[in-house]
Structure formats: structure tokens, C-alpha cells
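Asks: mmCIF, C-alpha atoms and all ligand atoms, file work37.cif:
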```cif
data_run
loop_
_atom_site.label_atom_id
_atom_site.label_comp_id
_atom_site.auth_asym_id
_atom_site.auth_seq_id
_atom_site.Cartn_x
_atom_site.Cartn_y
_atom_site.Cartn_z
CA MET A 345 -14.38 -76.64 -19.62
CA ALA A 346 -15.13 -74.03 -16.94
CA ARG A 347 -17.51 -71.33 -18.02
CA PRO A 348 -15.93 -67.86 -18.17
CA ARG A 349 -16.97 -65.83 -15.15
CA PRO A 350 -19.15 -62.95 -16.35
CA THR A 351 -17.99 -59.48 -15.36
CA GLY A 352 -21.44 -57.87 -15.58
CA PRO A 353 -24.57 -58.86 -13.66
CA ILE A 354 -25.45 -62.53 -13.75
CA LEU A 355 -29.13 -61.57 -13.69
CA GLU A 356 -30.60 -58.24 -14.69
CA ALA A 357 -34.21 -57.07 -14.88
CA ARG A 358 -35.34 -53.86 -16.55
CA ASP A 359 -38.85 -52.37 -16.53
CA LEU A 360 -40.19 -55.81 -15.80
CA THR A 361 -43.98 -56.07 -15.65
CA LEU A 362 -46.34 -59.02 -15.30
CA ARG A 363 -50.10 -58.75 -15.68
CA PHE A 364 -52.80 -61.36 -15.45
CA GLY A 365 -55.56 -59.70 -17.45
CA GLU A 366 -56.58 -56.68 -15.39
CA VAL A 367 -54.48 -57.72 -12.39
CA THR A 368 -50.94 -56.37 -12.20
CA ALA A 369 -48.75 -58.83 -10.30
CA PHE A 370 -45.77 -56.45 -10.44
CA GLN A 371 -44.62 -53.55 -12.57
CA ASP A 372 -41.50 -51.59 -13.49
CA VAL A 373 -39.24 -53.89 -11.50
CA ALA A 374 -35.52 -53.35 -12.08
CA PHE A 375 -32.53 -54.94 -10.36
CA ALA A 376 -29.14 -56.42 -11.11
CA VAL A 377 -27.62 -59.37 -9.27
CA MET A 378 -23.83 -59.54 -9.41
CA PRO A 379 -21.91 -62.84 -9.59
CA GLY A 380 -21.41 -64.27 -6.09
CA GLU A 381 -24.03 -62.03 -4.53
CA LEU A 382 -26.81 -63.12 -2.18
CA PHE A 383 -29.75 -60.99 -3.29
CA ALA A 384 -33.19 -61.15 -1.70
CA VAL A 385 -36.65 -60.02 -2.75
CA ILE A 386 -39.09 -59.36 0.07
CA GLY A 387 -42.50 -57.77 0.46
CA PRO A 388 -45.81 -58.11 2.29
CA ASN A 389 -48.55 -60.51 1.14
CA GLY A 390 -49.55 -59.98 -2.48
CA ALA A 391 -46.49 -57.82 -3.21
CA GLY A 392 -45.61 -59.87 -6.28
CA LYS A 393 -42.73 -62.00 -4.93
CA THR A 394 -44.02 -65.36 -6.13
CA SER A 395 -44.97 -63.94 -9.50
CA LEU A 396 -41.47 -62.48 -9.89
CA PHE A 397 -39.91 -65.79 -8.87
CA ASN A 398 -42.08 -67.53 -11.45
CA VAL A 399 -40.82 -65.17 -14.13
CA LEU A 400 -37.19 -65.77 -13.11
CA SER A 401 -37.70 -69.53 -13.18
CA ARG A 402 -39.47 -69.32 -16.57
CA VAL A 403 -42.87 -70.47 -15.34
CA TYR A 404 -44.34 -67.14 -16.52
CA THR A 405 -43.27 -64.90 -19.36
CA PRO A 406 -43.29 -61.20 -18.46
CA THR A 407 -45.85 -58.94 -20.10
CA SER A 408 -43.14 -56.37 -20.84
CA GLY A 409 -39.60 -55.45 -19.96
CA GLN A 410 -36.37 -57.40 -20.17
CA ILE A 411 -34.76 -60.06 -18.06
CA ALA A 412 -31.23 -61.16 -18.90
CA LEU A 413 -29.07 -64.04 -17.71
CA ASP A 414 -25.39 -63.29 -18.39
CA GLY A 415 -26.56 -60.55 -20.75
CA ARG A 416 -28.79 -62.88 -22.78
CA ASP A 417 -32.57 -62.84 -22.94
CA LEU A 418 -33.78 -65.25 -20.26
CA THR A 419 -37.22 -65.55 -21.86
CA ALA A 420 -35.60 -67.29 -24.84
CA LEU A 421 -34.95 -70.28 -22.55
CA ARG A 422 -37.53 -72.97 -21.87
CA PRO A 423 -37.90 -73.98 -18.20
CA ARG A 424 -36.08 -77.24 -18.92
CA ASP A 425 -33.14 -75.32 -20.41
CA LEU A 426 -32.49 -73.48 -17.15
CA ALA A 427 -30.33 -76.19 -15.57
CA GLY A 428 -28.10 -76.29 -18.65
CA ALA A 429 -27.79 -72.50 -18.42
CA GLY A 430 -26.50 -72.84 -14.84
CA VAL A 431 -29.72 -72.00 -12.97
CA ALA A 432 -31.29 -74.25 -10.33
CA ARG A 433 -34.33 -73.61 -8.17
CA THR A 434 -36.15 -74.90 -5.12
CA PHE A 435 -39.90 -74.88 -4.64
CA GLN A 436 -41.94 -73.23 -1.89
CA ASN A 437 -43.81 -76.47 -1.14
CA LEU A 438 -41.02 -78.94 -1.93
CA GLY A 439 -40.82 -80.71 -5.27
CA LEU A 440 -39.62 -84.09 -3.96
CA PHE A 441 -40.74 -87.67 -4.56
CA GLY A 442 -41.73 -88.99 -1.12
CA PRO A 443 -41.29 -92.75 -1.66
CA LEU A 444 -37.87 -92.33 -3.29
CA SER A 445 -34.66 -92.28 -1.29
CA VAL A 446 -32.84 -89.05 -0.50
CA LEU A 447 -30.08 -90.04 -2.95
CA ASP A 448 -32.50 -90.84 -5.78
CA ASN A 449 -34.24 -87.50 -5.29
CA VAL A 450 -30.92 -85.72 -5.64
CA LEU A 451 -29.97 -87.80 -8.69
CA VAL A 452 -33.12 -86.50 -10.40
CA GLY A 453 -31.42 -83.10 -10.31
CA ARG A 454 -28.55 -84.51 -12.39
CA HIS A 455 -30.90 -85.69 -15.12
CA HIS A 456 -29.93 -82.99 -17.62
CA LEU A 457 -26.27 -84.11 -17.36
CA MET A 458 -26.93 -87.82 -17.94
CA ARG A 459 -25.71 -89.03 -21.30
CA ALA A 460 -25.92 -92.81 -21.03
CA GLY A 461 -29.31 -94.06 -22.19
CA ALA A 462 -31.34 -96.59 -20.23
CA LEU A 463 -30.48 -99.28 -22.79
CA ARG A 464 -26.74 -98.86 -22.37
CA ALA A 465 -27.13 -98.70 -18.62
CA GLY A 466 -29.28 -101.86 -18.78
CA PHE A 467 -26.53 -103.76 -20.59
CA GLY A 468 -24.11 -102.56 -17.93
CA LEU A 469 -21.68 -100.97 -20.36
CA ARG A 470 -18.57 -99.72 -18.66
CA SER A 471 -19.10 -96.09 -19.73
CA ALA A 472 -22.64 -96.15 -18.35
CA ARG A 473 -21.40 -97.56 -15.04
CA ALA A 474 -18.64 -94.95 -14.85
CA GLU A 475 -21.19 -92.24 -15.53
CA GLU A 476 -23.48 -93.58 -12.84
CA ARG A 477 -20.61 -93.50 -10.35
CA GLU A 478 -19.85 -89.91 -11.33
CA HIS A 479 -23.48 -88.83 -10.80
CA THR A 480 -23.70 -90.65 -7.48
CA ALA A 481 -20.49 -89.00 -6.28
CA ALA A 482 -21.81 -85.54 -7.29
CA ALA A 483 -25.13 -86.22 -5.55
CA MET A 484 -23.37 -87.43 -2.39
CA ALA A 485 -21.15 -84.33 -2.41
CA ALA A 486 -24.26 -82.15 -2.58
CA LEU A 487 -25.80 -84.11 0.30
CA GLU A 488 -22.60 -83.59 2.32
CA ARG A 489 -22.94 -79.85 1.81
CA THR A 490 -26.46 -79.84 3.23
CA GLY A 491 -25.67 -82.28 6.05
CA MET A 492 -27.86 -85.07 4.64
CA ALA A 493 -25.30 -87.62 3.40
CA ASP A 494 -25.86 -90.00 6.33
CA VAL A 495 -29.53 -90.48 5.40
CA ALA A 496 -28.93 -90.94 1.65
CA GLY A 497 -30.77 -94.29 1.65
CA VAL A 498 -33.82 -93.12 3.63
CA ALA A 499 -37.13 -92.46 1.86
CA VAL A 500 -37.82 -88.72 1.80
CA GLU A 501 -41.33 -89.22 3.22
CA ASN A 502 -39.74 -90.40 6.49
CA LEU A 503 -37.86 -87.14 7.04
CA ALA A 504 -38.87 -84.07 9.01
CA TYR A 505 -39.89 -81.03 6.96
CA GLY A 506 -36.66 -79.11 7.55
CA ASP A 507 -34.61 -82.12 6.43
CA ARG A 508 -36.72 -82.44 3.27
CA LYS A 509 -35.85 -78.85 2.48
CA ARG A 510 -32.17 -79.76 2.88
CA VAL A 511 -32.65 -82.57 0.36
CA GLU A 512 -34.33 -80.18 -2.03
CA ILE A 513 -31.47 -77.73 -1.71
CA ALA A 514 -29.00 -80.60 -2.25
CA ARG A 515 -30.81 -81.55 -5.44
CA ALA A 516 -30.45 -78.01 -6.72
CA LEU A 517 -26.74 -77.95 -5.73
CA ALA A 518 -26.12 -81.26 -7.51
CA MET A 519 -26.89 -79.43 -10.77
CA HIS A 520 -23.75 -77.37 -10.08
CA PRO A 521 -25.59 -74.12 -10.67
CA ARG A 522 -23.98 -70.69 -10.76
CA LEU A 523 -27.32 -69.14 -9.84
CA LEU A 524 -29.53 -70.71 -7.18
CA LEU A 525 -33.13 -69.48 -6.94
CA LEU A 526 -34.69 -70.14 -3.53
CA ASP A 527 -38.47 -69.78 -3.29
CA GLU A 528 -39.39 -68.93 0.33
CA PRO A 529 -37.01 -71.55 1.81
CA VAL A 530 -38.25 -71.17 5.41
CA ALA A 531 -41.98 -71.00 4.66
CA GLY A 532 -44.01 -73.36 6.86
CA MET A 533 -41.11 -74.15 9.19
CA SER A 534 -40.82 -74.21 12.95
CA ALA A 535 -38.60 -71.57 14.61
CA ASP A 536 -35.76 -74.11 15.01
CA GLU A 537 -35.97 -75.24 11.41
CA ARG A 538 -35.91 -71.63 10.26
CA VAL A 539 -32.68 -71.00 12.14
CA GLU A 540 -31.11 -74.16 10.69
CA ILE A 541 -32.06 -73.43 7.09
CA THR A 542 -30.99 -69.80 7.46
CA GLU A 543 -27.57 -71.00 8.64
CA LEU A 544 -27.39 -73.50 5.79
CA VAL A 545 -28.11 -70.83 3.17
CA ARG A 546 -25.50 -68.58 4.75
CA ALA A 547 -22.92 -71.39 4.80
CA LEU A 548 -23.58 -72.35 1.17
CA HIS A 549 -23.08 -68.78 0.11
CA ALA A 550 -19.93 -68.39 2.21
CA ASP A 551 -18.59 -71.59 0.63
CA GLY A 552 -17.74 -70.18 -2.76
CA ASP A 553 -18.90 -68.86 -6.06
CA LEU A 554 -22.61 -69.46 -5.82
CA THR A 555 -24.93 -66.57 -6.61
CA ILE A 556 -28.19 -66.83 -4.69
CA LEU A 557 -31.48 -65.08 -5.34
CA LEU A 558 -33.87 -65.58 -2.51
CA VAL A 559 -37.55 -64.70 -2.46
CA GLU A 560 -38.79 -64.74 1.12
CA HIS A 561 -41.58 -63.44 3.30
CA ASP A 562 -39.59 -63.83 6.54
CA MET A 563 -37.83 -60.52 7.13
CA GLY A 564 -35.67 -61.90 9.93
CA MET A 565 -34.27 -64.63 7.69
CA VAL A 566 -33.54 -62.18 4.90
CA MET A 567 -31.84 -59.67 7.19
CA ARG A 568 -29.48 -62.39 8.43
CA VAL A 569 -28.32 -63.67 5.06
CA ALA A 570 -28.83 -61.12 2.28
CA GLN A 571 -26.22 -58.68 1.03
CA ARG A 572 -28.77 -56.60 -0.88
CA ILE A 573 -32.53 -56.59 -0.73
CA LEU A 574 -35.25 -55.47 -3.14
CA VAL A 575 -38.56 -54.64 -1.47
CA LEU A 576 -41.81 -54.91 -3.40
CA ASP A 577 -45.11 -53.48 -2.23
CA PHE A 578 -48.31 -53.90 -4.23
CA GLY A 579 -46.20 -54.99 -7.18
CA ARG A 580 -43.96 -51.94 -7.17
CA PRO A 581 -40.32 -51.74 -6.12
CA ILE A 582 -40.11 -49.38 -3.13
CA ALA A 583 -36.49 -49.84 -2.00
CA VAL A 584 -33.21 -51.58 -2.84
CA GLY A 585 -30.28 -51.66 -0.46
CA SER A 586 -28.28 -53.39 2.24
CA PRO A 587 -30.12 -54.92 5.22
CA ALA A 588 -29.24 -51.86 7.33
CA GLU A 589 -30.57 -49.49 4.66
CA ILE A 590 -33.77 -51.50 4.24
CA GLN A 591 -34.39 -51.66 7.99
CA ALA A 592 -34.10 -47.88 8.21
CA ASP A 593 -36.25 -47.17 5.13
CA GLU A 594 -39.51 -45.49 6.05
CA ALA A 595 -41.41 -46.70 3.00
CA VAL A 596 -40.44 -50.26 3.88
CA ILE A 597 -41.49 -49.86 7.51
CA ARG A 598 -44.84 -48.40 6.37
CA ALA A 599 -45.32 -51.23 3.86
CA TYR A 600 -44.95 -53.78 6.63
CA LEU A 601 -48.10 -52.32 8.17
CA GLY A 602 -46.35 -49.67 10.17
CA ALA A 603 -44.21 -52.27 11.94
CA ALA A 604 -41.47 -50.75 14.05
CA PRO A 605 -37.95 -51.62 12.84
CA GLU A 606 -37.49 -53.96 15.86
CA ALA A 607 -40.57 -55.91 14.81
CA ALA A 608 -39.37 -56.07 11.23
CA THR A 609 -36.15 -57.76 12.30
CA ALA A 610 -37.72 -60.23 14.74
N1 LIG B 701 -52.14 -66.77 -11.61
C1 LIG B 701 -52.62 -65.59 -11.23
N2 LIG B 701 -53.75 -65.08 -11.78
C2 LIG B 701 -54.22 -63.87 -11.41
N3 LIG B 701 -53.66 -63.08 -10.47
C3 LIG B 701 -52.54 -63.54 -9.87
C4 LIG B 701 -51.96 -64.81 -10.21
N4 LIG B 701 -50.84 -64.99 -9.45
C5 LIG B 701 -50.74 -63.89 -8.67
N5 LIG B 701 -51.76 -63.03 -8.93
C6 LIG B 701 -51.96 -61.72 -8.30
O1 LIG B 701 -50.74 -61.00 -8.42
C7 LIG B 701 -50.50 -60.25 -7.22
C8 LIG B 701 -49.15 -60.66 -6.64
O2 LIG B 701 -49.26 -61.99 -6.12
P1 LIG B 701 -48.01 -62.86 -5.64
O3 LIG B 701 -48.54 -64.20 -5.27
O4 LIG B 701 -46.93 -62.79 -6.65
O5 LIG B 701 -47.57 -62.07 -4.34
P2 LIG B 701 -46.63 -62.54 -3.15
O6 LIG B 701 -45.79 -61.35 -2.79
O7 LIG B 701 -45.91 -63.77 -3.54
O8 LIG B 701 -47.66 -62.84 -2.01
P3 LIG B 701 -47.59 -63.93 -0.80
O9 LIG B 701 -46.50 -63.49 0.13
O10 LIG B 701 -48.96 -63.78 -0.19
O11 LIG B 701 -47.34 -65.27 -1.43
C9 LIG B 701 -51.67 -60.52 -6.29
O12 LIG B 701 -52.60 -59.47 -6.48
C10 LIG B 701 -52.22 -61.83 -6.80
O13 LIG B 701 -53.60 -61.93 -6.53
#
```
How does this structure look as C-alpha cells?
Ligand SMILES: Nc1ncnc2c1ncn2[C@@H]1O[C@H](COP(=O)(O)OP(=O)(O)OP(=O)(O)O)[C@@H](O)[C@H]1O

Replies:
Amino acid sequence: MARPRPTGPILEARDLTLRFGEVTAFQDVAFAVMPGELFAVIGPNGAGKTSLFNVLSRVYTPTSGQIALDGRDLTALRPRDLAGAGVARTFQNLGLFGPLSVLDNVLVGRHHLMRAGALRAGFGLRSARAEEREHTAAAMAALERTGMADVAGVAVENLAYGDRKRVEIARALAMHPRLLLLDEPVAGMSADERVEITELVRALHADGDLTILLVEHDMGMVMRVAQRILVLDFGRPIAVGSPAEIQADEAVIRAYLGAAPEAATA
């Protein structure tokens, strides 16, 4: 049965603070991401982006404040419950299994939906085979969306970095998430790969109902894809707005080491 589409924010943070002992990773962060939105969090080095991403993906529990998914306390979920709650993520440094094929890596993302146990599958029961076909079809559909279906049988370790990122995004999509969390998707990429992944993220968002929260250091990438942007600086929110508003915001320009707006959009 299709989940009812929430009318309020899909994700909402209020007064969110994370401290590691004496170190404040971020504080008093507040934002609301609406269903279908592409929302980005940016900021200079050490601004707190990764720490915030880790709170959203349940790696860390905030020191104080609230974070709600569809109006319910996100911190009540364990990391492994996220997929079932409709949230999928990618990792900054890829979380793939190199020796496994592209298809098998994507099937790992369907794990939480697999009902047939290994024993039933081993005996080749019809229901287990039907389920396997269903998962393979879903994984192949996700690979189609990221342009990787034709290399489904290739070991991931034989792919270029940008293509591995496509596989990782496909794995997240195969979970059929409503909310996709992207952790610095163009980090470590060549200029060409950056353009390709930026276009992929834009196309995935344009495709349909997916809500995307993107944490990214690369201003240019964010300006091309995001509808709204939250800027952190030294752990504090300094601006929220459209790309045009953020580019014109003096506090943001100062935070990026006095970079001129042209430089910030490069
Ligand atoms: N596990 C940790 N223990 C202690 N301090 C931490 C930890 N993780 C992050 N910090 C601190 O929290 C602050 C925010 O770091 P964070 O990595 O979230 O920033 P960032 O915006 O992602 O930076 P970058 O763009 O350089 O990755 C920094 O002062 C950092 O040193």
C-alpha cells in the first residue's frame, strides 16, 4: 500500500546541537525540508556539515534539540530502521563491495525488503525465486536510472570513480526511498565527473517524488541543483534561502573567506 504523502515537512530540525565533549560540531540548527524538495547544506571546512549528516543518518545522536521525520522523532529509529522508514543514504567515500558485481552491490540495498530466507532460497521454492526476480528487476530499474544497467555484471572495482558513485546512488534508489541523503556526492571527483553527477542528481530529482537532502562542499554543484540552501559556518546557521539569495548574502560571502560571488559560483 502506498504511504500517504505527508503535508508537513518530511524532515524538520529544531534547535539542533551536537557536541563532542568541549567541541561544538554545530548548534541551534533549524530547517524544514518539504516533500519533493532538493535541499542542500553547505559551509566551509569544519562548518559542521558531516556532523549534521551523521545526525540525520542516525550515526550520531544530537546533544539537544529535535529532529523529526514525518513529524516523528528521528532519534527513536536505529540506523538499520532508516531504510524501512523511507530514508536512504550514500557515503562520502563510497560504501561499496569492490569484488562484487554492480548488480549484487545494488541488491544489498534491497536487503531490508527481502523476506525469503536463505534456506527457502536454497531449496529453490517458487516464492523465493519470484522474490529474487522482483528484487533483481527493482535493482536493474535503479541501475537504468543512473545509467549503469549495461555494466550490471561488472565488478565494481573495475569501474571509474564517477561510475562507482552512480552504483552507490542506484543502491540507495533501489530502496525506493522518499528521502535520499547524499553525503558530498562530488567529493574527490574530476571536473568532468562532477558535471556528470551533478546532472544525474538533477535528473533524479526532476524525475518525480524524491526528496533529496544534499550535504556538499562544492558551491558550484549546490548552486546548480538545490532549490533551497542552508549555510553553516563554525557550526552555526548563517543563512537559508534560494541559490540566488545565498549567492547575494554577505555573511555567506564572508564565510567563504571573502570570496567574491563569481568565485563562489565557479
Ligand atoms: N568525532 C568527532 N570528535 C570530535 N570533534 C569532532 C568530531 N567530528 C567532528 N568534530 C568537530 O566538529 C566540527 C565540525 O566538523 P565537521 O566534520 O562536521 O565539519 P564539515 O563542515 O563536515 O567539514 P569538512 O568540509 O572539512 O568535512 C569540527 O570542529 C570538527 O573538528

Asks: Which one is closest to Asp417 (chain A): A:Arg572, A:Lys393, A:Arg358, A:Arg473? Count all atoms listed in the file.

Replies: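 Comparing A:Arg572, A:Lys393, A:Arg358, A:Arg473 against Asp417 (chain A), the winner is A:Arg358.
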
Asks: With distances taken over only C-alpha atoms and all ligand atoms, which of A:Leu576, A:Ala599, A:Val377, A:Leu557 is nearest to ligand LIG 701 (chain B)?

Replies: A:Leu576

Asks: Please determine, counting all atoms listed in the file, which residue among A:Val539, A:Ile513, A:Ile590, A:Ala357 has the shortest atom-to-atom distance to Phe375 (chain A).

Replies: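 Between A:Val539, A:Ile513, A:Ile590, A:Ala357, the residue approaching Phe375 (chain A) most closely is A:Ala357.
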
Asks: Please, which residues have at least one atom within 8 Å of an atom of ligand LIG 701 (chain B), using only C-alpha atoms and all ligand atoms, listed as a ChimeraX atom specification?

Replies: /A:363-365,367-370,386-397,560-561,576-579

Asks: Filtering to C-alpha atoms, could you give me those residues as a PDB file, in the coordinates of the input?

Replies:
```pdb
ATOM      1  CA  ARG A 363     -50.100 -58.750 -15.680  1.00  0.00           C
ATOM      2  CA  PHE A 364     -52.800 -61.360 -15.450  1.00  0.00           C
ATOM      3  CA  GLY A 365     -55.560 -59.700 -17.450  1.00  0.00           C
ATOM      4  CA  VAL A 367     -54.480 -57.720 -12.390  1.00  0.00           C
ATOM      5  CA  THR A 368     -50.940 -56.370 -12.200  1.00  0.00           C
ATOM      6  CA  ALA A 369     -48.750 -58.830 -10.300  1.00  0.00           C
ATOM      7  CA  PHE A 370     -45.770 -56.450 -10.440  1.00  0.00           C
ATOM      8  CA  ILE A 386     -39.090 -59.360   0.070  1.00  0.00           C
ATOM      9  CA  GLY A 387     -42.500 -57.770   0.460  1.00  0.00           C
ATOM     10  CA  PRO A 388     -45.810 -58.110   2.290  1.00  0.00           C
ATOM     11  CA  ASN A 389     -48.550 -60.510   1.140  1.00  0.00           C
ATOM     12  CA  GLY A 390     -49.550 -59.980  -2.480  1.00  0.00           C
ATOM     13  CA  ALA A 391     -46.490 -57.820  -3.210  1.00  0.00           C
ATOM     14  CA  GLY A 392     -45.610 -59.870  -6.280  1.00  0.00           C
ATOM     15  CA  LYS A 393     -42.730 -62.000  -4.930  1.00  0.00           C
ATOM     16  CA  THR A 394     -44.020 -65.360  -6.130  1.00  0.00           C
ATOM     17  CA  SER A 395     -44.970 -63.940  -9.500  1.00  0.00           C
ATOM     18  CA  LEU A 396     -41.470 -62.480  -9.890  1.00  0.00           C
ATOM     19  CA  PHE A 397     -39.910 -65.790  -8.870  1.00  0.00           C
ATOM     20  CA  GLU A 560     -38.790 -64.740   1.120  1.00  0.00           C
ATOM     21  CA  HIS A 561     -41.580 -63.440   3.300  1.00  0.00           C
ATOM     22  CA  LEU A 576     -41.810 -54.910  -3.400  1.00  0.00           C
ATOM     23  CA  ASP A 577     -45.110 -53.480  -2.230  1.00  0.00           C
ATOM     24  CA  PHE A 578     -48.310 -53.900  -4.230  1.00  0.00           C
ATOM     25  CA  GLY A 579     -46.200 -54.990  -7.180  1.00  0.00           C
TER      26      GLY A 579
END
```

Asks: My list of candidates is A:Leu438, A:Val385, A:Ala514, A:Val450. Which is closest to Leu574 (chain A) when distances are computed with all atoms listed in the file?

Replies: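 Looking at the shortest contact to Leu574 (chain A), the residue is A:Val385.
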
Asks: What would region 512-522 of chain A look like with all heavy atoms in place, written as a PDB file, keeping the file's coordinate frame?

Replies:
```
ATOM      1  N   GLU A 512     -33.967 -80.951  -0.841  1.00  0.00           N
ATOM      2  CA  GLU A 512     -34.330 -80.180  -2.030  1.00  0.00           C
ATOM      3  C   GLU A 512     -33.207 -79.227  -2.429  1.00  0.00           C
ATOM      4  O   GLU A 512     -32.897 -79.061  -3.606  1.00  0.00           O
ATOM      5  CB  GLU A 512     -35.629 -79.411  -1.759  1.00  0.00           C
ATOM      6  CG  GLU A 512     -36.411 -79.234  -3.023  1.00  0.00           C
ATOM      7  CD  GLU A 512     -37.344 -78.058  -2.963  1.00  0.00           C
ATOM      8  OE1 GLU A 512     -37.234 -77.241  -2.035  1.00  0.00           O
ATOM      9  OE2 GLU A 512     -38.174 -77.964  -3.869  1.00  0.00           O
ATOM     10  N   ILE A 513     -32.595 -78.624  -1.425  1.00  0.00           N
ATOM     11  CA  ILE A 513     -31.470 -77.730  -1.710  1.00  0.00           C
ATOM     12  C   ILE A 513     -30.302 -78.528  -2.281  1.00  0.00           C
ATOM     13  O   ILE A 513     -29.632 -78.101  -3.226  1.00  0.00           O
ATOM     14  CB  ILE A 513     -31.086 -76.917  -0.451  1.00  0.00           C
ATOM     15  CG1 ILE A 513     -32.237 -75.967  -0.080  1.00  0.00           C
ATOM     16  CG2 ILE A 513     -29.789 -76.137  -0.681  1.00  0.00           C
ATOM     17  CD1 ILE A 513     -32.054 -75.211   1.229  1.00  0.00           C
ATOM     18  N   ALA A 514     -30.070 -79.738  -1.726  1.00  0.00           N
ATOM     19  CA  ALA A 514     -29.000 -80.600  -2.250  1.00  0.00           C
ATOM     20  C   ALA A 514     -29.256 -80.939  -3.716  1.00  0.00           C
ATOM     21  O   ALA A 514     -28.338 -80.965  -4.543  1.00  0.00           O
ATOM     22  CB  ALA A 514     -28.883 -81.878  -1.425  1.00  0.00           C
ATOM     23  N   ARG A 515     -30.499 -81.210  -4.041  1.00  0.00           N
ATOM     24  CA  ARG A 515     -30.810 -81.550  -5.440  1.00  0.00           C
ATOM     25  C   ARG A 515     -30.465 -80.384  -6.362  1.00  0.00           C
ATOM     26  O   ARG A 515     -29.905 -80.574  -7.441  1.00  0.00           O
ATOM     27  CB  ARG A 515     -32.292 -81.915  -5.590  1.00  0.00           C
ATOM     28  CG  ARG A 515     -32.603 -82.337  -7.019  1.00  0.00           C
ATOM     29  CD  ARG A 515     -34.007 -82.825  -7.173  1.00  0.00           C
ATOM     30  NE  ARG A 515     -34.939 -81.775  -6.853  1.00  0.00           N
ATOM     31  CZ  ARG A 515     -36.249 -81.950  -6.761  1.00  0.00           C
ATOM     32  NH1 ARG A 515     -36.767 -83.140  -6.941  1.00  0.00           N
ATOM     33  NH2 ARG A 515     -37.036 -80.939  -6.478  1.00  0.00           N
ATOM     34  N   ALA A 516     -30.794 -79.178  -5.916  1.00  0.00           N
ATOM     35  CA  ALA A 516     -30.450 -78.010  -6.720  1.00  0.00           C
ATOM     36  C   ALA A 516     -28.922 -77.862  -6.830  1.00  0.00           C
ATOM     37  O   ALA A 516     -28.383 -77.591  -7.910  1.00  0.00           O
ATOM     38  CB  ALA A 516     -31.074 -76.752  -6.116  1.00  0.00           C
ATOM     39  N   LEU A 517     -28.212 -78.087  -5.712  1.00  0.00           N
ATOM     40  CA  LEU A 517     -26.740 -77.950  -5.730  1.00  0.00           C
ATOM     41  C   LEU A 517     -26.081 -78.990  -6.622  1.00  0.00           C
ATOM     42  O   LEU A 517     -25.040 -78.725  -7.231  1.00  0.00           O
ATOM     43  CB  LEU A 517     -26.184 -78.095  -4.311  1.00  0.00           C
ATOM     44  CG  LEU A 517     -26.519 -76.996  -3.317  1.00  0.00           C
ATOM     45  CD1 LEU A 517     -26.015 -77.390  -1.938  1.00  0.00           C
ATOM     46  CD2 LEU A 517     -25.926 -75.660  -3.753  1.00  0.00           C
ATOM     47  N   ALA A 518     -26.698 -80.178  -6.695  1.00  0.00           N
ATOM     48  CA  ALA A 518     -26.120 -81.260  -7.510  1.00  0.00           C
ATOM     49  C   ALA A 518     -26.116 -80.900  -8.997  1.00  0.00           C
ATOM     50  O   ALA A 518     -25.434 -81.532  -9.790  1.00  0.00           O
ATOM     51  CB  ALA A 518     -26.890 -82.552  -7.273  1.00  0.00           C
ATOM     52  N   MET A 519     -26.891 -79.900  -9.373  1.00  0.00           N
ATOM     53  CA  MET A 519     -26.890 -79.430 -10.770  1.00  0.00           C
ATOM     54  C   MET A 519     -25.673 -78.544 -11.041  1.00  0.00           C
ATOM     55  O   MET A 519     -25.494 -78.057 -12.144  1.00  0.00           O
ATOM     56  CB  MET A 519     -28.158 -78.631 -11.055  1.00  0.00           C
ATOM     57  CG  MET A 519     -29.429 -79.407 -10.888  1.00  0.00           C
ATOM     58  SD  MET A 519     -30.835 -78.337 -11.271  1.00  0.00           S
ATOM     59  CE  MET A 519     -32.165 -79.294 -10.564  1.00  0.00           C
ATOM     60  N   HIS A 520     -24.902 -78.276  -9.981  1.00  0.00           N
ATOM     61  CA  HIS A 520     -23.750 -77.370 -10.080  1.00  0.00           C
ATOM     62  C   HIS A 520     -24.141 -76.030 -10.693  1.00  0.00           C
ATOM     63  O   HIS A 520     -23.540 -75.592 -11.676  1.00  0.00           O
ATOM     64  CB  HIS A 520     -22.614 -78.029 -10.876  1.00  0.00           C
ATOM     65  CG  HIS A 520     -22.012 -79.189 -10.155  1.00  0.00           C
ATOM     66  ND1 HIS A 520     -21.228 -80.126 -10.771  1.00  0.00           N
ATOM     67  CD2 HIS A 520     -22.108 -79.583  -8.864  1.00  0.00           C
ATOM     68  CE1 HIS A 520     -20.867 -81.053  -9.894  1.00  0.00           C
ATOM     69  NE2 HIS A 520     -21.381 -80.741  -8.736  1.00  0.00           N
ATOM     70  N   PRO A 521     -25.139 -75.399 -10.100  1.00  0.00           N
ATOM     71  CA  PRO A 521     -25.590 -74.120 -10.670  1.00  0.00           C
ATOM     72  C   PRO A 521     -24.618 -72.991 -10.331  1.00  0.00           C
ATOM     73  O   PRO A 521     -23.854 -73.081  -9.366  1.00  0.00           O
ATOM     74  CB  PRO A 521     -26.923 -73.883  -9.966  1.00  0.00           C
ATOM     75  CG  PRO A 521     -26.736 -74.515  -8.623  1.00  0.00           C
ATOM     76  CD  PRO A 521     -25.875 -75.727  -8.865  1.00  0.00           C
ATOM     77  N   ARG A 522     -24.656 -71.942 -11.130  1.00  0.00           N
ATOM     78  CA  ARG A 522     -23.980 -70.690 -10.760  1.00  0.00           C
ATOM     79  C   ARG A 522     -24.980 -69.791 -10.065  1.00  0.00           C
ATOM     80  O   ARG A 522     -24.631 -68.962  -9.249  1.00  0.00           O
ATOM     81  CB  ARG A 522     -23.424 -69.990 -12.000  1.00  0.00           C
ATOM     82  CG  ARG A 522     -22.246 -70.724 -12.609  1.00  0.00           C
ATOM     83  CD  ARG A 522     -21.869 -70.102 -13.916  1.00  0.00           C
ATOM     84  NE  ARG A 522     -23.033 -70.048 -14.794  1.00  0.00           N
ATOM     85  CZ  ARG A 522     -23.472 -68.956 -15.394  1.00  0.00           C
ATOM     86  NH1 ARG A 522     -22.851 -67.811 -15.231  1.00  0.00           N
ATOM     87  NH2 ARG A 522     -24.526 -69.003 -16.179  1.00  0.00           N
TER      88      ARG A 522
END
```
